[in-house]
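Asks: Pasting final_20.cif here (mmCIF, C-alpha atoms):
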data_entry
#
loop_
_atom_site.label_atom_id
_atom_site.label_comp_id
_atom_site.auth_asym_id
_atom_site.auth_seq_id
_atom_site.Cartn_x
_atom_site.Cartn_y
_atom_site.Cartn_z
CA MET A 237 7.38 28.08 116.18
CA ARG A 238 8.17 24.38 116.33
CA GLY A 239 4.84 22.69 115.69
CA MET A 240 2.90 25.66 117.02
CA PRO A 241 -0.34 26.17 115.18
CA GLU A 242 -1.73 29.44 114.04
CA ARG A 243 -4.68 30.22 116.30
CA THR A 244 -7.93 30.27 114.34
CA LEU A 245 -9.94 33.34 115.33
CA SER A 246 -12.86 32.83 112.97
CA SER A 247 -13.84 30.59 110.09
CA ARG A 248 -16.38 31.45 107.42
CA ARG A 249 -17.77 29.02 104.84
CA ALA A 250 -17.61 30.80 101.48
CA PHE A 251 -18.58 28.02 99.05
CA THR A 252 -20.04 24.53 99.20
CA GLY A 253 -19.99 22.52 96.00
CA ARG A 254 -20.27 18.90 94.90
CA LEU A 255 -16.55 18.12 95.18
CA LEU A 256 -15.04 21.08 96.98
CA SER A 257 -15.89 23.54 99.66
CA LEU A 258 -13.97 26.66 100.57
CA ARG A 259 -13.59 28.42 103.90
CA VAL A 260 -11.85 31.62 104.91
CA ASP A 261 -10.04 31.50 108.26
CA GLU A 262 -8.78 34.49 110.19
CA VAL A 263 -5.71 33.36 112.11
CA GLU A 264 -3.31 34.79 114.65
CA LEU A 265 0.40 33.98 114.38
CA GLU A 266 2.68 33.55 117.40
CA SER A 267 3.93 37.08 116.72
CA GLY A 268 0.41 38.36 117.34
CA ARG A 269 0.03 39.34 113.71
CA ARG A 270 -3.23 38.36 112.06
CA ALA A 271 -3.64 36.87 108.59
CA THR A 272 -6.31 35.41 106.32
CA ARG A 273 -6.11 31.82 105.05
CA GLU A 274 -8.29 30.68 102.15
CA VAL A 275 -8.68 26.91 102.49
CA VAL A 276 -10.13 24.59 99.85
CA GLU A 277 -11.60 21.55 101.58
CA HIS A 278 -11.20 18.32 99.62
CA PRO A 279 -12.30 14.81 100.64
CA GLY A 280 -8.92 13.21 99.85
CA ALA A 281 -7.71 11.20 96.91
CA VAL A 282 -5.65 8.26 95.73
CA ALA A 283 -3.31 7.54 92.83
CA ILE A 284 -2.21 4.12 91.67
CA LEU A 285 1.02 2.74 90.23
CA ALA A 286 -0.41 -0.36 88.55
CA MET A 287 2.41 -2.54 87.24
CA ASP A 288 1.80 -5.20 84.62
CA GLY A 289 5.29 -6.68 84.36
CA GLU A 290 7.35 -3.88 82.88
CA ARG A 291 4.50 -1.49 82.14
CA ILE A 292 2.55 0.92 84.32
CA ALA A 293 -1.01 2.05 83.68
CA ALA A 294 -1.66 5.61 82.53
CA VAL A 295 -4.70 7.59 81.48
CA ARG A 296 -5.04 10.65 79.33
CA GLN A 297 -7.98 12.90 80.04
CA TRP A 298 -9.19 16.44 79.64
CA ARG A 299 -8.53 18.57 82.70
CA GLN A 300 -10.74 21.61 82.71
CA ALA A 301 -8.54 23.30 85.34
CA ALA A 302 -5.47 22.89 83.12
CA SER A 303 -7.37 23.70 79.90
CA SER A 304 -5.68 20.70 78.36
CA ALA A 305 -5.54 16.92 78.24
CA LEU A 306 -2.98 15.51 80.67
CA LEU A 307 -1.25 12.15 80.86
CA GLU A 308 -1.45 10.88 84.44
CA ILE A 309 -1.38 7.71 86.48
CA PRO A 310 -4.90 6.52 87.43
CA ALA A 311 -6.36 8.42 90.35
CA GLY A 312 -9.58 9.44 91.96
CA THR A 313 -11.35 11.18 94.78
CA CYS A 314 -12.52 9.42 97.92
CA GLU A 315 -16.26 9.23 98.48
CA THR A 316 -17.33 10.46 101.88
CA GLY A 317 -16.11 8.03 104.52
CA GLU A 318 -14.50 5.72 101.95
CA SER A 319 -11.12 4.28 102.88
CA PRO A 320 -8.37 5.10 100.35
CA ILE A 321 -7.72 1.44 99.42
CA VAL A 322 -11.38 1.01 98.43
CA THR A 323 -11.20 4.16 96.31
CA ALA A 324 -8.00 2.90 94.69
CA GLN A 325 -9.49 -0.50 93.80
CA ARG A 326 -12.61 1.10 92.33
CA GLU A 327 -10.71 3.71 90.32
CA LEU A 328 -8.20 1.23 88.90
CA ALA A 329 -11.02 -1.00 87.64
CA GLU A 330 -13.04 1.90 86.22
CA GLU A 331 -10.20 3.86 84.65
CA CYS A 332 -7.91 1.06 83.48
CA GLY A 333 -10.06 -2.08 83.27
CA VAL A 334 -7.87 -4.13 85.63
CA THR A 335 -7.94 -5.49 89.16
CA ALA A 336 -4.86 -6.25 91.24
CA ALA A 337 -4.23 -9.22 93.55
CA ARG A 338 -1.53 -7.34 95.50
CA TRP A 339 -1.86 -3.86 96.95
CA GLU A 340 0.69 -1.91 98.92
CA ALA A 341 0.30 1.59 100.34
CA GLY A 342 3.05 4.04 99.42
CA PRO A 343 3.53 7.59 100.70
CA ALA A 344 0.65 9.92 101.45
CA PHE A 345 1.15 13.62 100.72
CA TYR A 346 -0.55 16.98 100.40
CA THR A 347 -0.88 18.02 96.77
CA ALA A 348 -1.13 21.77 97.51
CA PRO A 349 -0.84 22.42 101.25
CA GLY A 350 -0.66 26.19 100.78
CA PHE A 351 -4.39 26.26 100.14
CA SER A 352 -5.92 22.76 99.91
CA THR A 353 -6.64 20.03 102.45
CA GLU A 354 -6.29 17.34 99.77
CA LEU A 355 -4.25 14.43 101.13
CA LEU A 356 -3.40 11.90 98.43
CA THR A 357 -2.37 8.30 99.14
CA LEU A 358 -0.24 6.49 96.59
CA PHE A 359 -0.71 2.73 96.05
CA LEU A 360 1.38 0.14 94.27
CA ALA A 361 -0.84 -2.47 92.60
CA THR A 362 0.60 -5.66 91.07
CA ASP A 363 -0.57 -9.11 89.88
CA LEU A 364 -3.07 -7.50 87.52
CA SER A 365 -6.02 -9.18 85.79
CA PRO A 366 -8.40 -7.71 83.25
CA VAL A 367 -11.89 -6.90 84.46
CA ASP A 368 -14.95 -5.88 82.49
CA SER A 369 -15.63 -2.35 83.63
CA ARG A 370 -17.31 0.78 82.43
CA PRO A 371 -15.34 3.99 82.61
CA PRO A 372 -16.92 6.75 84.73
CA GLU A 373 -19.74 8.38 82.79
CA ASP A 374 -18.62 11.92 83.49
CA GLU A 375 -15.02 11.45 82.31
CA ALA A 376 -13.58 10.70 78.88
CA LEU A 377 -10.43 8.64 79.35
CA GLU A 378 -7.85 7.24 77.00
CA ARG A 379 -6.01 4.26 78.51
CA SER A 380 -2.33 3.56 77.86
CA TRP A 381 0.56 1.59 79.32
CA LEU A 382 4.10 2.91 79.65
CA THR A 383 7.36 1.25 80.60
CA LEU A 384 9.19 2.95 83.47
CA PRO A 385 11.83 4.39 81.09
CA GLU A 386 9.01 5.75 78.90
CA ALA A 387 7.33 7.30 81.94
CA LEU A 388 10.60 8.89 83.09
CA ALA A 389 11.21 10.23 79.58
CA ALA A 390 7.69 11.69 79.62
CA ILE A 391 8.58 13.58 82.81
CA ASP A 392 11.87 14.76 81.32
CA ASP A 393 10.27 16.07 78.13
CA GLY A 394 7.27 17.68 79.86
CA THR A 395 4.62 15.26 78.53
CA ILE A 396 3.78 14.33 82.12
CA ARG A 397 3.23 17.52 84.13
CA ASP A 398 0.99 16.35 86.94
CA ALA A 399 2.48 16.38 90.45
CA LYS A 400 1.00 13.11 91.75
CA SER A 401 2.12 11.22 88.63
CA MET A 402 5.63 12.68 88.93
CA VAL A 403 5.87 11.77 92.63
CA GLY A 404 4.58 8.27 91.87
CA ILE A 405 6.88 7.54 88.94
CA LEU A 406 9.99 9.03 90.58
CA TRP A 407 9.19 7.20 93.83
CA LEU A 408 8.77 3.92 91.92
CA GLU A 409 12.06 4.38 90.08
CA ARG A 410 13.85 4.98 93.38
CA ARG A 411 12.19 1.97 94.97
CA LEU A 412 12.99 -0.37 92.09
CA SER A 413 16.58 0.83 91.75
CA ALA A 414 17.38 0.51 95.47
CA PRO A 415 14.99 -1.95 97.10
CA ARG A 416 15.03 -1.76 100.86
CA SER A 417 14.62 -4.71 103.19
CA ALA A 418 11.13 -5.20 104.66
CA MET B 34 -10.86 12.06 72.66
CA ARG B 35 -7.25 12.84 71.75
CA GLY B 36 -6.75 16.41 72.90
CA MET B 37 -10.43 17.24 72.51
CA PRO B 38 -11.61 19.69 75.12
CA GLU B 39 -14.80 19.49 77.04
CA ARG B 40 -17.08 22.21 75.69
CA THR B 41 -17.81 24.84 78.33
CA LEU B 42 -21.54 25.62 78.33
CA SER B 43 -21.53 28.09 81.19
CA SER B 44 -19.17 29.40 83.83
CA ARG B 45 -20.21 30.96 87.12
CA ARG B 46 -17.90 32.77 89.54
CA ALA B 47 -18.66 31.38 93.00
CA PHE B 48 -15.92 32.97 95.13
CA THR B 49 -13.30 35.70 94.78
CA GLY B 50 -10.70 35.93 97.52
CA ARG B 51 -7.27 37.43 98.07
CA LEU B 52 -5.32 34.41 96.82
CA LEU B 53 -7.90 32.16 95.20
CA SER B 54 -11.05 32.40 93.21
CA LEU B 55 -13.42 29.59 92.38
CA ARG B 56 -15.67 29.06 89.37
CA VAL B 57 -18.20 26.40 88.50
CA ASP B 58 -18.24 25.32 84.85
CA GLU B 59 -20.97 23.31 83.17
CA VAL B 60 -19.31 21.27 80.43
CA GLU B 61 -20.36 18.91 77.66
CA LEU B 62 -18.26 15.82 76.93
CA GLU B 63 -17.79 14.39 73.44
CA SER B 64 -20.40 11.78 74.36
CA GLY B 65 -22.93 14.56 74.79
CA ARG B 66 -23.10 13.95 78.52
CA ARG B 67 -22.97 17.04 80.72
CA ALA B 68 -20.94 17.46 83.89
CA THR B 69 -20.01 20.09 86.46
CA ARG B 70 -16.39 21.13 87.06
CA GLU B 71 -15.44 23.10 90.16
CA VAL B 72 -12.24 24.98 89.34
CA VAL B 73 -10.03 26.79 91.84
CA GLU B 74 -8.18 29.58 90.06
CA HIS B 75 -4.66 30.16 91.34
CA PRO B 76 -2.09 32.68 90.06
CA GLY B 77 0.72 30.11 89.79
CA ALA B 78 3.66 29.34 92.01
CA VAL B 79 7.32 28.43 92.22
CA ALA B 80 9.46 26.13 94.34
CA ILE B 81 13.22 26.30 94.67
CA LEU B 82 15.93 23.68 95.09
CA ALA B 83 18.64 25.90 96.53
CA MET B 84 21.91 23.98 96.82
CA ASP B 85 24.71 25.16 99.05
CA GLY B 86 27.33 22.54 98.29
CA GLU B 87 25.84 19.32 99.65
CA ARG B 88 22.85 20.86 101.38
CA ILE B 89 19.48 22.06 100.12
CA ALA B 90 17.37 24.76 101.73
CA ALA B 91 14.18 23.77 103.55
CA VAL B 92 11.56 25.59 105.57
CA ARG B 93 9.16 24.38 108.18
CA GLN B 94 5.93 26.28 108.55
CA TRP B 95 2.39 25.94 109.76
CA ARG B 96 -0.03 24.99 107.00
CA GLN B 97 -3.56 25.82 107.98
CA ALA B 98 -4.94 23.57 105.21
CA ALA B 99 -2.99 20.59 106.55
CA SER B 100 -3.62 21.50 110.21
CA SER B 101 0.05 20.88 110.84
CA ALA B 102 3.55 22.22 110.33
CA LEU B 103 5.16 20.83 107.19
CA LEU B 104 8.78 20.59 106.09
CA GLU B 105 9.03 21.84 102.50
CA ILE B 106 11.45 23.33 100.02
CA PRO B 107 11.09 27.13 99.74
CA ALA B 108 8.17 28.17 97.56
CA GLY B 109 5.75 30.95 96.93
CA THR B 110 2.89 32.32 94.91
CA CYS B 111 3.37 34.55 91.88
CA GLU B 112 2.08 38.09 92.18
CA THR B 113 -0.20 39.11 89.34
CA GLY B 114 1.83 39.36 86.16
CA GLU B 115 5.09 38.41 87.88
CA SER B 116 7.37 36.05 86.01
CA PRO B 117 8.18 32.85 87.92
CA ILE B 118 11.93 33.54 88.09
CA VAL B 119 11.27 36.87 89.83
CA THR B 120 8.96 35.16 92.32
CA ALA B 121 11.60 32.50 92.93
CA GLN B 122 14.37 35.02 93.59
CA ARG B 123 12.16 37.00 95.98
CA GLU B 124 10.93 33.95 97.87
CA LEU B 125 14.39 32.42 98.25
CA ALA B 126 15.71 35.64 99.78
CA GLU B 127 12.71 36.11 102.06
CA GLU B 128 12.29 32.54 103.21
CA CYS B 129 15.90 31.37 103.38
CA GLY B 130 18.05 34.51 103.58
CA VAL B 131 20.12 33.69 100.51
CA THR B 132 20.52 34.81 96.92
CA ALA B 133 21.80 32.66 94.08
CA ALA B 134 24.17 33.59 91.25
CA ARG B 135 22.98 30.71 89.06
CA TRP B 136 19.36 29.89 88.26
CA GLU B 137 18.02 27.11 86.09
CA ALA B 138 14.39 26.33 85.37
CA GLY B 139 13.32 22.74 86.01
CA PRO B 140 9.98 21.11 85.22
CA ALA B 141 6.68 22.96 85.51
CA PHE B 142 3.68 20.95 86.67
CA TYR B 143 0.09 21.13 87.89
CA THR B 144 -0.13 20.45 91.62
CA ALA B 145 -3.78 19.34 91.56
CA PRO B 146 -5.13 19.42 88.00
CA GLY B 147 -8.38 17.70 89.00
CA PHE B 148 -9.61 20.97 90.50
CA SER B 149 -6.91 23.68 90.52
CA THR B 150 -5.27 25.80 87.84
CA GLU B 151 -2.08 26.11 89.90
CA LEU B 152 0.96 25.61 87.67
CA LEU B 153 4.19 25.39 89.66
CA THR B 154 7.64 25.97 88.19
CA LEU B 155 10.62 24.35 89.87
CA PHE B 156 13.98 26.15 89.91
CA LEU B 157 17.48 24.98 90.72
CA ALA B 158 19.46 27.75 92.43
CA THR B 159 23.21 27.44 93.07
CA ASP B 160 26.19 29.66 93.96
CA LEU B 161 24.41 30.94 97.05
CA SER B 162 25.31 34.00 99.13
CA PRO B 163 23.73 35.18 102.36
CA VAL B 164 21.50 38.22 102.13
CA ASP B 165 19.96 40.27 104.89
CA SER B 166 16.27 39.72 104.49
CA ARG B 167 13.13 39.84 106.54
CA PRO B 168 10.86 36.82 106.40
CA PRO B 169 7.31 37.52 105.16
CA GLU B 170 5.30 39.13 107.94
CA ASP B 171 2.28 36.86 107.56
CA GLU B 172 4.24 33.60 107.78
CA ALA B 173 6.24 32.05 110.61
CA LEU B 174 9.09 30.07 109.11
CA GLU B 175 11.82 27.90 110.55
CA ARG B 176 14.83 27.63 108.22
CA SER B 177 16.88 24.46 107.87
CA TRP B 178 19.35 22.83 105.50
CA LEU B 179 19.31 19.14 104.56
CA THR B 180 21.74 16.97 102.65
CA LEU B 181 20.16 15.11 99.75
CA PRO B 182 20.33 11.77 101.64
CA GLU B 183 18.61 13.46 104.60
CA ALA B 184 15.91 14.87 102.31
CA LEU B 185 15.34 11.46 100.70
CA ALA B 186 15.14 9.83 104.13
CA ALA B 187 12.58 12.47 105.14
CA ILE B 188 10.44 11.44 102.17
CA ASP B 189 10.86 7.75 103.02
CA ASP B 190 9.84 8.19 106.66
CA GLY B 191 6.95 10.56 105.95
CA THR B 192 8.54 13.69 107.45
CA ILE B 193 8.26 15.39 104.05
CA ARG B 194 4.70 14.96 102.76
CA ASP B 195 4.33 17.87 100.38
CA ALA B 196 4.01 17.06 96.67
CA LYS B 197 6.16 19.89 95.25
CA SER B 198 8.99 19.11 97.69
CA MET B 199 8.82 15.41 96.83
CA VAL B 200 8.87 16.12 93.09
CA GLY B 201 11.77 18.53 93.55
CA ILE B 202 13.92 16.28 95.73
CA LEU B 203 13.28 13.12 93.67
CA TRP B 204 13.91 15.07 90.45
CA LEU B 205 17.18 16.43 91.87
CA GLU B 206 18.33 12.97 92.94
CA ARG B 207 17.64 11.62 89.46
CA ARG B 208 19.42 14.55 87.85
CA LEU B 209 22.51 14.27 90.05
CA SER B 210 22.74 10.50 89.73
CA ALA B 211 22.41 10.50 85.93
CA PRO B 212 23.49 13.87 84.55
CA ARG B 213 22.44 14.40 80.96
CA SER B 214 24.48 16.26 78.39
CA ALA B 215 23.43 19.85 77.74
#
Output the file's structure as structure tokens, nothing else.

Replies:
Amino acid sequence: MRGMPERTLSSRRAFTGRLLSLRVDEVELESGRRATREVVEHPGAVAILAMDGERIAAVRQWRQAASSALLEIPAGTCETGESPIVTAQRELAEECGVTAARWEAGPAFYTAPGFSTELLTLFLATDLSPVDSRPPEDEALERSWLTLPEALAAIDDGTIRDAKSMVGILWLERRLSAPRSA
Amino acid sequence: MRGMPERTLSSRRAFTGRLLSLRVDEVELESGRRATREVVEHPGAVAILAMDGERIAAVRQWRQAASSALLEIPAGTCETGESPIVTAQRELAEECGVTAARWEAGPAFYTAPGFSTELLTLFLATDLSPVDSRPPEDEALERSWLTLPEALAAIDDGTIRDAKSMVGILWLERRLSAPRSA
């Protein structure tokens, strides 16, 4: 099947919301068998590893989908047509009250490719300065700063249980422990 | 806001499918401000790090939501009421043609807590034996086996761009490089 797509036979829009929409595709596999794919369409997102010396920015917020408050790295959803770096700069200021002089794009990945189009781009932000900013009005956030060992311990003990934050922190640890040449 | 939930004022079911359903909640924040939360309900999932000596199992499959074929660790969705370990054992046999004598639960995490209830449990499976199994009929899978350095290189070069696989491989590297006492 190397790279061979499923052939889309039909596509039906089942929901259109403010953030998400959902479509139901009927597809045909190479074998000729047909299947249904429920696809959540998402505009894309960013997450930021903002390093202030030894500490990285974190936010704690209620997640309705998880029915709990989660500790995560700052993140946000792209506005329509917005480039990920612009989203990242806006979200870091709003959620953490800092701007960064240096930005570097890290890996981009699908958060849940079995059913969601969400592609998330990770950024590393350094040379931070405080900025006067208002948090988003429709989110209640608690800001905190963690050292990398604290963040790794929070993964180990289950305090951090958000995929993008785990990818980001584990990726950062690997990068800092074995820097590669440019 | 420490741990304080948003108060759900109303909840409307907007879609019910075979895998997913979607609800729209109206919530009230502590500030009194109201907001809408679109929540994709998912039955939960598993992903497996199956180690055969130096190599870990991987599968390549078409992902309609990503419009591309992705290289991932084996994974699957829990049937209603199914415990994650049972899902993991079934999926590993179906997708990779092996069973494991030793199973260990790793971290559980939300793949996309901003909009999805999906909680994914990671398992480490070792002492593998081949089993005669048929792959799932509604998926076309290509099986492969990667050493850990190959899997890490695939993350670095963007060949692996699936969050659960990245969490799993980076978690495994950290675990193997710094084993903790039991």

Asks: Enumerate, as a PDB file with C-alpha atoms, keeping the file's coordinate frame, the residues matched when the PyMOL selection byres ((chain B) within 8 of (chain A)) is run on the file above.

Replies:
ATOM      1  CA  MET B  34     -10.860  12.060  72.660  1.00  0.00           C
ATOM      2  CA  ARG B  35      -7.250  12.840  71.750  1.00  0.00           C
ATOM      3  CA  GLY B  36      -6.750  16.410  72.900  1.00  0.00           C
ATOM      4  CA  MET B  37     -10.430  17.240  72.510  1.00  0.00           C
ATOM      5  CA  PRO B  38     -11.610  19.690  75.120  1.00  0.00           C
ATOM      6  CA  GLU B  39     -14.800  19.490  77.040  1.00  0.00           C
ATOM      7  CA  ALA B  47     -18.660  31.380  93.000  1.00  0.00           C
ATOM      8  CA  PHE B  48     -15.920  32.970  95.130  1.00  0.00           C
ATOM      9  CA  GLY B  50     -10.700  35.930  97.520  1.00  0.00           C
ATOM     10  CA  ARG B  51      -7.270  37.430  98.070  1.00  0.00           C
ATOM     11  CA  LEU B  52      -5.320  34.410  96.820  1.00  0.00           C
ATOM     12  CA  LEU B  53      -7.900  32.160  95.200  1.00  0.00           C
ATOM     13  CA  LEU B  62     -18.260  15.820  76.930  1.00  0.00           C
ATOM     14  CA  GLU B  63     -17.790  14.390  73.440  1.00  0.00           C
ATOM     15  CA  ARG B  66     -23.100  13.950  78.520  1.00  0.00           C
ATOM     16  CA  ARG B  67     -22.970  17.040  80.720  1.00  0.00           C
ATOM     17  CA  ALA B  68     -20.940  17.460  83.890  1.00  0.00           C
ATOM     18  CA  ARG B  70     -16.390  21.130  87.060  1.00  0.00           C
ATOM     19  CA  GLU B  71     -15.440  23.100  90.160  1.00  0.00           C
ATOM     20  CA  VAL B  72     -12.240  24.980  89.340  1.00  0.00           C
ATOM     21  CA  VAL B  73     -10.030  26.790  91.840  1.00  0.00           C
ATOM     22  CA  GLU B  74      -8.180  29.580  90.060  1.00  0.00           C
ATOM     23  CA  GLN B  94       5.930  26.280 108.550  1.00  0.00           C
ATOM     24  CA  TRP B  95       2.390  25.940 109.760  1.00  0.00           C
ATOM     25  CA  ARG B  96      -0.030  24.990 107.000  1.00  0.00           C
ATOM     26  CA  GLN B  97      -3.560  25.820 107.980  1.00  0.00           C
ATOM     27  CA  ALA B  98      -4.940  23.570 105.210  1.00  0.00           C
ATOM     28  CA  ALA B  99      -2.990  20.590 106.550  1.00  0.00           C
ATOM     29  CA  SER B 100      -3.620  21.500 110.210  1.00  0.00           C
ATOM     30  CA  SER B 101       0.050  20.880 110.840  1.00  0.00           C
ATOM     31  CA  ALA B 102       3.550  22.220 110.330  1.00  0.00           C
ATOM     32  CA  PRO B 140       9.980  21.110  85.220  1.00  0.00           C
ATOM     33  CA  ALA B 141       6.680  22.960  85.510  1.00  0.00           C
ATOM     34  CA  PHE B 142       3.680  20.950  86.670  1.00  0.00           C
ATOM     35  CA  TYR B 143       0.090  21.130  87.890  1.00  0.00           C
ATOM     36  CA  THR B 144      -0.130  20.450  91.620  1.00  0.00           C
ATOM     37  CA  ALA B 145      -3.780  19.340  91.560  1.00  0.00           C
ATOM     38  CA  PRO B 146      -5.130  19.420  88.000  1.00  0.00           C
ATOM     39  CA  GLY B 147      -8.380  17.700  89.000  1.00  0.00           C
ATOM     40  CA  PHE B 148      -9.610  20.970  90.500  1.00  0.00           C
ATOM     41  CA  SER B 149      -6.910  23.680  90.520  1.00  0.00           C
ATOM     42  CA  THR B 150      -5.270  25.800  87.840  1.00  0.00           C
ATOM     43  CA  GLU B 170       5.300  39.130 107.940  1.00  0.00           C
ATOM     44  CA  ASP B 171       2.280  36.860 107.560  1.00  0.00           C
ATOM     45  CA  GLU B 172       4.240  33.600 107.780  1.00  0.00           C
ATOM     46  CA  ALA B 173       6.240  32.050 110.610  1.00  0.00           C
ATOM     47  CA  LEU B 174       9.090  30.070 109.110  1.00  0.00           C
ATOM     48  CA  GLU B 175      11.820  27.900 110.550  1.00  0.00           C
ATOM     49  CA  ASP B 189      10.860   7.750 103.020  1.00  0.00           C
ATOM     50  CA  GLY B 191       6.950  10.560 105.950  1.00  0.00           C
ATOM     51  CA  ARG B 194       4.700  14.960 102.760  1.00  0.00           C
ATOM     52  CA  ASP B 195       4.330  17.870 100.380  1.00  0.00           C
ATOM     53  CA  ALA B 196       4.010  17.060  96.670  1.00  0.00           C
ATOM     54  CA  LYS B 197       6.160  19.890  95.250  1.00  0.00           C
ATOM     55  CA  MET B 199       8.820  15.410  96.830  1.00  0.00           C
ATOM     56  CA  VAL B 200       8.870  16.120  93.090  1.00  0.00           C
ATOM     57  CA  LEU B 203      13.280  13.120  93.670  1.00  0.00           C
ATOM     58  CA  TRP B 204      13.910  15.070  90.450  1.00  0.00           C
TER      59      TRP B 204
END

Asks: (0.2, 6.5, 86.2) in this file's frame - what residues fall within 6 Å of it? Use all atoms listed in the file and give the answer as a list in words.

Replies: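 Final list of nearby residues, as requested, is Leu285, Ala293, Ala294, Glu308, Ile309, Pro310 and Ser401 of chain A.
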
Asks: Would you work out the distance separating CA of Glu115 in chain B from CA of Val79 in chain B, expressed in Å to one decimal?

Replies: 11.1 Å

Asks: Distance CA of Ala138 in chain B-CA of Thr154 in chain B, one decimal place?

Replies: 7.3 Å

Asks: Report, in Å to a single decimal, how far apart CA of Pro385 in chain A and CA of Ser365 in chain A are.

Replies: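 Here the two named atoms are 22.9 Å from each other.
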
Asks: Which residues fall under the PyMOL selection byres ((chain A and resi 287) around 12) in this file, as a VMD selection string?

Replies: chain A and resid 284 to 286 288 to 294 309 to 310 328 332 334 to 340 359 to 365 381 to 384 404 to 405 408 412

Asks: Have a look at B:Gly130, B:Gly77, B:Pro169, B:Pro163 and name the one nearest to Cys111 in chain B; count all atoms listed in the file.

Replies: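 Of the candidates, the smallest distance to Cys111 in chain B is held by B:Gly77.
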
Asks: Take every atom of range 243-255 of chain A listed in the file, pad by 5 Å on each side, and give me the axis-aligned box centre and edge lengths in Å, one decimal, as AutoDock Vina command-line options.

Replies:
--center_x -12.5 --center_y 25.7 --center_z 105.6 --size_x 25.6 --size_y 25.2 --size_z 31.4
